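Trainee: Have a look at the structure that comes next, please.
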Amino acid sequence: MGSSGRPSEGVTLDDLPKTWNFTASLPADSLFPTPADSHKTPRDKITSRQVHDALFTWVRPSEQEDPELLAVSPAALRDIGIKAGEEKTEDFRQFVAGNKLYGWDETKLEGGYPWAQCYGGFQFGQWAGQLGDGRAISLFETTNPASNVRYELQLKGAGLTPYSRFADGKAVLRSSIREFVASEALNALGIPTTRALSLTLLPHSKVVRETTEPGAIVLRFAQSWLRLGTFDLLRARGDRALIRRLATYIAEDVFGGWEALPGRLESPDEPSKSPPPKRGVSASEVEGPSDAVENRFHRLYREIVRRNAVTVAHWQAYGFMNGVLNSDNTSIYGLSMDYGPFAFMDHFDPAYTPNHDDHLLRYNYKNQPTVIWWNLVRLGEALGELIGIGAQVDDETFVNKGIKEEQEKDLVERAENLITQAGEEYKAVFLNEYKRLMTARLGLRHFKETDFDELFSEGLDTMETLELDFNHFFRRLGTIRLADIATSDGTKEKAAIFFHKEGPPQAVGEDAAKEKIAKWLDKWRARVLEDWREESSDSLSEDRDAERRRAMRQVNPNFVPRGWILDEVIRRVEKEGERQVLDRIMHMALHPFEDSWDGVTIDGLEYKGDREEEQRWVGDVPRFSRALQCSCSS
């Protein structure tokens, strides 16, 4: 998911290709059946209410006075296909604030028009009913011809919609800075995520949360903004026709066709062992003989399951926590999304949650894989009828009237079995991806089954016991020359580089802590030698060891936007009026693997930064700023 690195000529906003496939394919709110109906309605009359038989409502962003463009992501500009320099124009400033609409003919009241999605969700395990885009408004889709990737552009904090419930449709500057930086940082780390193009301050907008705060808008984008909660709401309302229509849209439009989904399971009676996705399988082949169990809708379900398994594996491998993994915050496309009380791990604690409202620790680090699967089971239940009917999924009677009473028992049993199969696939895909990522982070080229217990598990246990910093551990490990830990004394000496400035926990003691790390380092060194050395040698040359260290630097970030750093940036921007600090943190977030940034030439340009600031941000986390928590409010 990282930035493509392709040439960044791009086009102007006027010339950017624009489509509205989502709104052309799915049913609109019947109160505003056309964009003209919504546009002619006074903005303050489009208020919160229950919306049925629809997946969106036409609604334009609120007009904003004197918006101030605070920052832009150069990587996002490039990946969308907007030319460099366009962000300096007045059109761009008004566009990212929601004041300028593209595709809509004001005089003829026709053309493409913004919209807000309708969805529901389970929040903290409880059904929450209709939710929807309460402050997010999508503008259009655009496909970059260079990458052939289509994105849906959306404003967060753009005003009231029918889905705002009791809120105000606004977003505060604090949370907007967090999402702007974090979503681009995850993308740079290779973690599937929604993206952020720009951050805009609304100087005349005051937003009441715990206190009164300044308002802001983030223009964010994603391959899809559909959530598992979209299906949850349709299931709760018994809208089987719209479930089928939405599922078909996702397969055909979002994922590029039924043939792009994972191939049919070879044996429907056995759990999947997670074969790699097979391409080029036609829908007719998927249906198979009349006694086949798996049909194309189960393949769609498996695709969504697999995508989310890969993303959760990335979270666990890089110590990222979303903080609020409700089903409405879980992506159909398998993207990290909706950045509320998220955090990167400081000292390793598997029970840590960055959400101070999560008193039962439902969404803590170690629970993330289980919680995402819980959400996916709810999706399986929503798709259960389509999955369980098997080869009869296109039978006219079933399509129009549903199942007969005598079919129900067998259908439920088949659906449950197929969801269970998908669960096995989820575990296998998750573990395969987690092993791949952790193997690379530890500087190994090949995974060995004993690595899971002897290196992964023991390493994490050591981090937890000694309260070591999660990402610093891997980055500092990548600086060690094998020759420096060839002796017992050398290994113990190097063990000290992993401690915080104040040293290991007093309850453990420095000598015992060094001994514990040294014991693990001995196992790690032996595996690196086994994995990297040539067959004819019992040692590793300095050149080969340097190659291994370079490989580790390319997967172990030097910089991640930790909670304390974001708090500092928020204070400096909001309270002290700084602006350039946003460009500096974004530059570091977009190039997280560099040893330093100030004076370094990246992408052909020499960057001027703040060396002292950089050193603080990649150094030890201040003792009383570790494992911070924050609220869901934004």
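A note on labels: chains of the structure tokens are A, B, ... as shown, every chain counts residues from 1, and ligands are counted from 1 in their shown order.
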Which parts of segment 482-544 of chain A does DSSP call alpha helix (DSSP H) when run on the backbone here, written out as number ranges by chain?
Mentor: A: 488-495, 510-532, 542-544
Trainee: Restricting the calculation to only C-alpha atoms: of A:Glu65, A:Ser198, A:Arg550, A:Ala188, which residue gets closest to Phe92 of chain A?
Mentor: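 Looking only at the distances to Phe92 of chain A, the closest residue turns out to be A:Ser198.
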Trainee: Have a look at A:Met337, A:Ala28, A:Val393, A:Val51 and name the one nearest to Leu325 of chain A; count only C-alpha atoms.
Mentor: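 The answer is A:Met337, which sits nearest to Leu325 of chain A.
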Trainee: Select, from A:Ser331, A:Gln130, A:Asn144, A:Gln154, the residue with the minimum atom-to-atom distance to Pro192 of chain A, counting only C-alpha atoms.
Mentor: A:Ser331
Trainee: Which residues are close to Phe221 of chain A, i.e. within 7 Å by only C-alpha atoms, leaving aside same-chain residues fewer than 5 positions away? Reply as JSON, numbers by chain.
Mentor: {"A": [151, 152, 153, 154, 194, 195, 196]}
Trainee: One decimal, in Å: what's the spacing between atom CA of Ile80 of chain A and atom CA of Gln64 of chain A?
Mentor: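 Rounded to one decimal, the two atoms are 24.1 Å apart.
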Trainee: Can you pull out every residue within 8 Å of Ser176 of chain A, counting only C-alpha atoms, but drop anything in the same chain fewer than 5 positions away, and send it as a list in words?
Mentor: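 Neighbouring residues, sequence-local ones excluded: Ala171, Leu199, Ala216, Ile217, Val218 and Ser634 of chain A.
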Trainee: Name the residues of segment 320-542 of chain A that fall into strand (DSSP E) according to DSSP on the backbone, using the chain letters and numbers of this document, as number ranges by chain.
Mentor: A: 320-321, 343-344
Trainee: Hey, can you check how far atom CA of Ser25 of chain A sits from atom CA of Arg302 of chain A?
Mentor: 23.0 Å
Trainee: Could you check which of A:Ala551, A:Leu418, A:Leu109, A:Ile389 is closest to Gly402 of chain A, using only C-alpha atoms?
Mentor: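 Comparing A:Ala551, A:Leu418, A:Leu109, A:Ile389 against Gly402 of chain A, the winner is A:Ile389.
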